[in-house]
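This report concerns only the one structure given below.
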Amino acid sequence: MITEHAVLQVDPSRTGAFESAFAQARPLIAVQRGFRSLRLLRIDQTPGRYVLMVGWDTLVDHTEGFRTSPEYARWRALLHPFYDPFPVVEHGVDVFDA
């Protein structure tokens with residue numbers, strides 16, 4: 001399994017709208033081939049900061065599957081306007097799984 005990881009910075013005055021938009025966006029990713037899981041964590045110590053973690057069967061399921069899908073265009077329209085700066089997205093594999 002591959003875990004997509006991104007730190008998302010949102011204007012603290014817009015977190016409610018971001019979380020509502022994310023609730024609309026979640027079903028768009030959940031139907032993708034290779035999708036396994038999604039976690040969105042709000043970082044309490046830093047207003048407006050979130051960590052997104054998405055589990056995929058393979059890297060290609062994310063980079064060539066979801067990112068080229070019609071659902072990704074809607075995901076992008078819903079969520080990308082909230083990010084400042086735009087997040088760096090990385091992919092990792094488990095070293096330890098507790």
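Chain identifiers are assigned as A, B, and so on, following the order in which chains appear in the structure tokens; residues are numbered from 1 within each chain, and ligands are numbered from 1 in order of appearance.
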Hey, could you make a per-residue contact list for region 43-70 of chain A against region 7-14 of chain A with 10 Å as the cut-off, showing the nearest pair of atoms and its distance in Å to one decimal, counting only C-alpha atoms, sorted by chain and number, as a tab-separated table?
residue	atom	partner	partner_atom	distance
A:Ile43	CA	A:Val7	CA	9.8
A:Thr46	CA	A:Pro12	CA	9.1
A:Pro47	CA	A:Pro12	CA	5.6
A:Gly48	CA	A:Pro12	CA	4.3
A:Arg49	CA	A:Gln9	CA	4.6
A:Tyr50	CA	A:Leu8	CA	5.0
A:Val51	CA	A:Val7	CA	4.6
A:Leu52	CA	A:Val7	CA	6.4
A:Met53	CA	A:Val7	CA	9.0
Would you write out those residues with N, CA and C atoms, as a compact mmCIF listing (two decimals), in the first residue's frame?
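For reference, result-v8.txt as written:
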# COMPACT_ATOMS: atom_id res chain seq x y z
N ILE A 43 -4.82 20.17 12.64
CA ILE A 43 -3.72 20.37 13.58
C ILE A 43 -4.10 21.50 14.53
N THR A 46 -1.71 24.69 15.11
CA THR A 46 -1.50 25.65 14.03
C THR A 46 -2.84 25.90 13.34
N PRO A 47 -3.48 27.02 13.62
CA PRO A 47 -4.78 27.29 13.00
C PRO A 47 -4.72 27.20 11.48
N GLY A 48 -5.70 26.50 10.91
CA GLY A 48 -5.81 26.37 9.48
C GLY A 48 -4.96 25.27 8.86
N ARG A 49 -4.22 24.55 9.67
CA ARG A 49 -3.36 23.49 9.12
C ARG A 49 -4.03 22.13 9.27
N TYR A 50 -3.93 21.34 8.19
CA TYR A 50 -4.48 19.99 8.14
C TYR A 50 -3.41 19.05 7.58
N VAL A 51 -3.56 17.78 7.88
CA VAL A 51 -2.75 16.75 7.24
C VAL A 51 -3.71 15.79 6.58
N LEU A 52 -3.48 15.57 5.28
CA LEU A 52 -4.28 14.64 4.50
C LEU A 52 -3.45 13.39 4.27
N MET A 53 -4.04 12.23 4.53
CA MET A 53 -3.39 10.95 4.26
C MET A 53 -4.39 10.07 3.51
Identify all residues of region 1-94 of chain A in helix (DSSP H, G or I) (DSSP on the backbone) and supply them as a PyMOL selection string.
chain A and resi 12-30+59-68+70-82
Contacts of Ile2 (chain A) at 8 Å (only C-alpha atoms; same-chain gap of 4+ positions) as a ChimeraX atom specification:
/A:55-59,91-94
Excluding Val89 (chain A) and any residue of its chain fewer than 5 positions from it, enumerate the residues within 9 Å of it, using only C-alpha atoms, and give them as a ChimeraX atom specification.
/A:4-7
Need the shell around region 65-69 of chain A: protein/DNA/RNA residues with any atom at most 8 Å away, counting only C-alpha atoms. Skip same-chain ones fewer than 6 positions apart. Format as a PDB file with N, CA and C atoms, in the first residue's frame?
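The new file out_0.pdb reads:
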ATOM      1  N   ILE A  29     -13.233  10.751  -4.325  1.00  0.00           N
ATOM      2  CA  ILE A  29     -11.999   9.970  -4.252  1.00  0.00           C
ATOM      3  C   ILE A  29     -12.290   8.528  -3.817  1.00  0.00           C
ATOM      4  N   GLN A  32     -12.622   5.703  -6.441  1.00  0.00           N
ATOM      5  CA  GLN A  32     -11.523   5.476  -7.380  1.00  0.00           C
ATOM      6  C   GLN A  32     -10.926   4.084  -7.232  1.00  0.00           C
ATOM      7  N   ARG A  33     -10.484   3.529  -8.360  1.00  0.00           N
ATOM      8  CA  ARG A  33      -9.794   2.239  -8.333  1.00  0.00           C
ATOM      9  C   ARG A  33      -8.532   2.376  -7.464  1.00  0.00           C
TER      10      ARG A  33
END
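Of the listed residues A:Thr3, A:Pro70, A:Leu38, A:Phe18, the one whose atoms come nearest to Tyr83 (chain A) is A:Phe18, with distances taken using only C-alpha atoms.
Going from CA of Val31 (chain A) over to CA of Asp61 (chain A), you cover 11.6 Å.
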DSSP-assigned strand (DSSP E or B) members of chain A, reported as a PyMOL selection string:
chain A and resi 2-10+35-42+49-56+83+89-92
Would you put the residues from that selection into a file with N, CA, C and O atoms, as a CSV table (one decimal), in the first residue's frame?
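As written to disk, out.csv reads:
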chain,number,residue,atom,x,y,z
A,2,ILE,N,0.4,2.3,-0.7
A,2,ILE,CA,1.1,3.6,-0.7
A,2,ILE,C,0.2,4.6,0.0
A,2,ILE,O,-1.0,4.6,-0.1
A,3,THR,N,0.9,5.4,0.8
A,3,THR,CA,0.2,6.5,1.5
A,3,THR,C,0.6,7.8,0.9
A,3,THR,O,1.7,8.2,0.9
A,4,GLU,N,-0.4,8.5,0.4
A,4,GLU,CA,-0.3,9.9,-0.1
A,4,GLU,C,-0.4,10.8,1.2
A,4,GLU,O,-1.2,10.6,2.0
A,5,HIS,N,0.5,11.8,1.2
A,5,HIS,CA,0.6,12.6,2.4
A,5,HIS,C,0.7,14.1,1.9
A,5,HIS,O,1.6,14.4,1.1
A,6,ALA,N,0.0,15.0,2.5
A,6,ALA,CA,0.1,16.4,2.2
A,6,ALA,C,-0.3,17.2,3.4
A,6,ALA,O,-1.2,16.9,4.1
A,7,VAL,N,0.5,18.3,3.7
A,7,VAL,CA,0.1,19.3,4.7
A,7,VAL,C,-0.6,20.4,4.0
A,7,VAL,O,-0.1,21.0,3.0
A,8,LEU,N,-1.8,20.6,4.4
A,8,LEU,CA,-2.7,21.6,3.8
A,8,LEU,C,-2.8,22.8,4.7
A,8,LEU,O,-3.1,22.7,5.8
A,9,GLN,N,-2.5,24.0,4.1
A,9,GLN,CA,-2.7,25.2,4.9
A,9,GLN,C,-3.9,26.0,4.3
A,9,GLN,O,-3.9,26.3,3.1
A,10,VAL,N,-4.8,26.3,5.2
A,10,VAL,CA,-6.0,27.0,4.8
A,10,VAL,C,-6.1,28.3,5.6
A,10,VAL,O,-5.8,28.2,6.8
A,35,PHE,N,-8.3,3.0,-4.3
A,35,PHE,CA,-8.5,3.8,-3.1
A,35,PHE,C,-8.7,2.8,-1.9
A,35,PHE,O,-9.5,1.9,-2.0
A,36,ARG,N,-8.0,3.1,-0.8
A,36,ARG,CA,-8.2,2.3,0.4
A,36,ARG,C,-8.7,3.0,1.6
A,36,ARG,O,-9.5,2.5,2.4
A,37,SER,N,-8.2,4.2,1.8
A,37,SER,CA,-8.6,5.0,3.0
A,37,SER,C,-8.3,6.4,2.9
A,37,SER,O,-7.5,6.8,2.0
A,38,LEU,N,-8.9,7.2,3.7
A,38,LEU,CA,-8.6,8.7,3.8
A,38,LEU,C,-8.7,9.1,5.2
A,38,LEU,O,-9.7,8.8,5.9
A,39,ARG,N,-7.8,10.0,5.6
A,39,ARG,CA,-7.8,10.6,6.9
A,39,ARG,C,-7.5,12.1,6.7
A,39,ARG,O,-6.6,12.4,5.9
A,40,LEU,N,-8.2,13.0,7.3
A,40,LEU,CA,-8.0,14.4,7.3
A,40,LEU,C,-7.9,14.8,8.8
A,40,LEU,O,-8.8,14.7,9.5
A,41,LEU,N,-6.7,15.2,9.2
A,41,LEU,CA,-6.4,15.6,10.5
A,41,LEU,C,-6.3,17.2,10.6
A,41,LEU,O,-5.6,17.8,9.8
A,42,ARG,N,-7.0,17.8,11.6
A,42,ARG,CA,-6.9,19.2,11.8
A,42,ARG,C,-5.8,19.3,12.9
A,42,ARG,O,-5.9,18.7,14.0
A,49,ARG,N,-4.2,24.5,9.7
A,49,ARG,CA,-3.4,23.5,9.1
A,49,ARG,C,-4.0,22.1,9.3
A,49,ARG,O,-4.6,21.8,10.3
A,50,TYR,N,-3.9,21.3,8.2
A,50,TYR,CA,-4.5,20.0,8.1
A,50,TYR,C,-3.4,19.1,7.6
A,50,TYR,O,-2.5,19.5,6.8
A,51,VAL,N,-3.6,17.8,7.9
A,51,VAL,CA,-2.7,16.8,7.2
A,51,VAL,C,-3.7,15.8,6.6
A,51,VAL,O,-4.6,15.3,7.2
A,52,LEU,N,-3.5,15.6,5.3
A,52,LEU,CA,-4.3,14.6,4.5
A,52,LEU,C,-3.5,13.4,4.3
A,52,LEU,O,-2.3,13.5,3.9
A,53,MET,N,-4.0,12.2,4.5
A,53,MET,CA,-3.4,11.0,4.3
A,53,MET,C,-4.4,10.1,3.5
A,53,MET,O,-5.5,9.9,4.0
A,54,VAL,N,-4.0,9.6,2.3
A,54,VAL,CA,-4.8,8.8,1.5
A,54,VAL,C,-4.1,7.5,1.2
A,54,VAL,O,-2.9,7.5,0.8
A,55,GLY,N,-4.7,6.4,1.5
A,55,GLY,CA,-4.1,5.1,1.2
A,55,GLY,C,-4.6,4.6,-0.2
A,55,GLY,O,-5.8,4.7,-0.6
A,56,TRP,N,-3.6,4.2,-1.0
A,56,TRP,CA,-3.8,3.6,-2.3
A,56,TRP,C,-3.2,2.3,-2.5
A,56,TRP,O,-2.1,2.0,-1.9
A,83,TYR,N,-6.2,26.4,-0.6
A,83,TYR,CA,-4.8,26.1,-0.2
A,83,TYR,C,-3.9,27.4,-0.5
A,83,TYR,O,-3.9,27.9,-1.6
A,89,VAL,N,2.7,17.2,-2.3
A,89,VAL,CA,2.1,15.9,-2.1
A,89,VAL,C,3.2,14.9,-2.3
A,89,VAL,O,4.0,14.9,-3.3
A,90,GLU,N,3.4,14.0,-1.3
A,90,GLU,CA,4.4,13.0,-1.3
A,90,GLU,C,3.7,11.6,-1.1
A,90,GLU,O,2.6,11.6,-0.6
A,91,HIS,N,4.4,10.6,-1.4
A,91,HIS,CA,3.9,9.2,-1.3
A,91,HIS,C,4.9,8.4,-0.5
A,91,HIS,O,6.1,8.5,-0.7
A,92,GLY,N,4.5,7.6,0.4
A,92,GLY,CA,5.3,6.8,1.2
A,92,GLY,C,4.8,5.4,1.4
A,92,GLY,O,3.7,5.1,1.0
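Closest approach to Pro81 (chain A) among A:Ala30, A:Ala98, A:His62, A:Ala21: A:Ala21, based on only C-alpha atoms.
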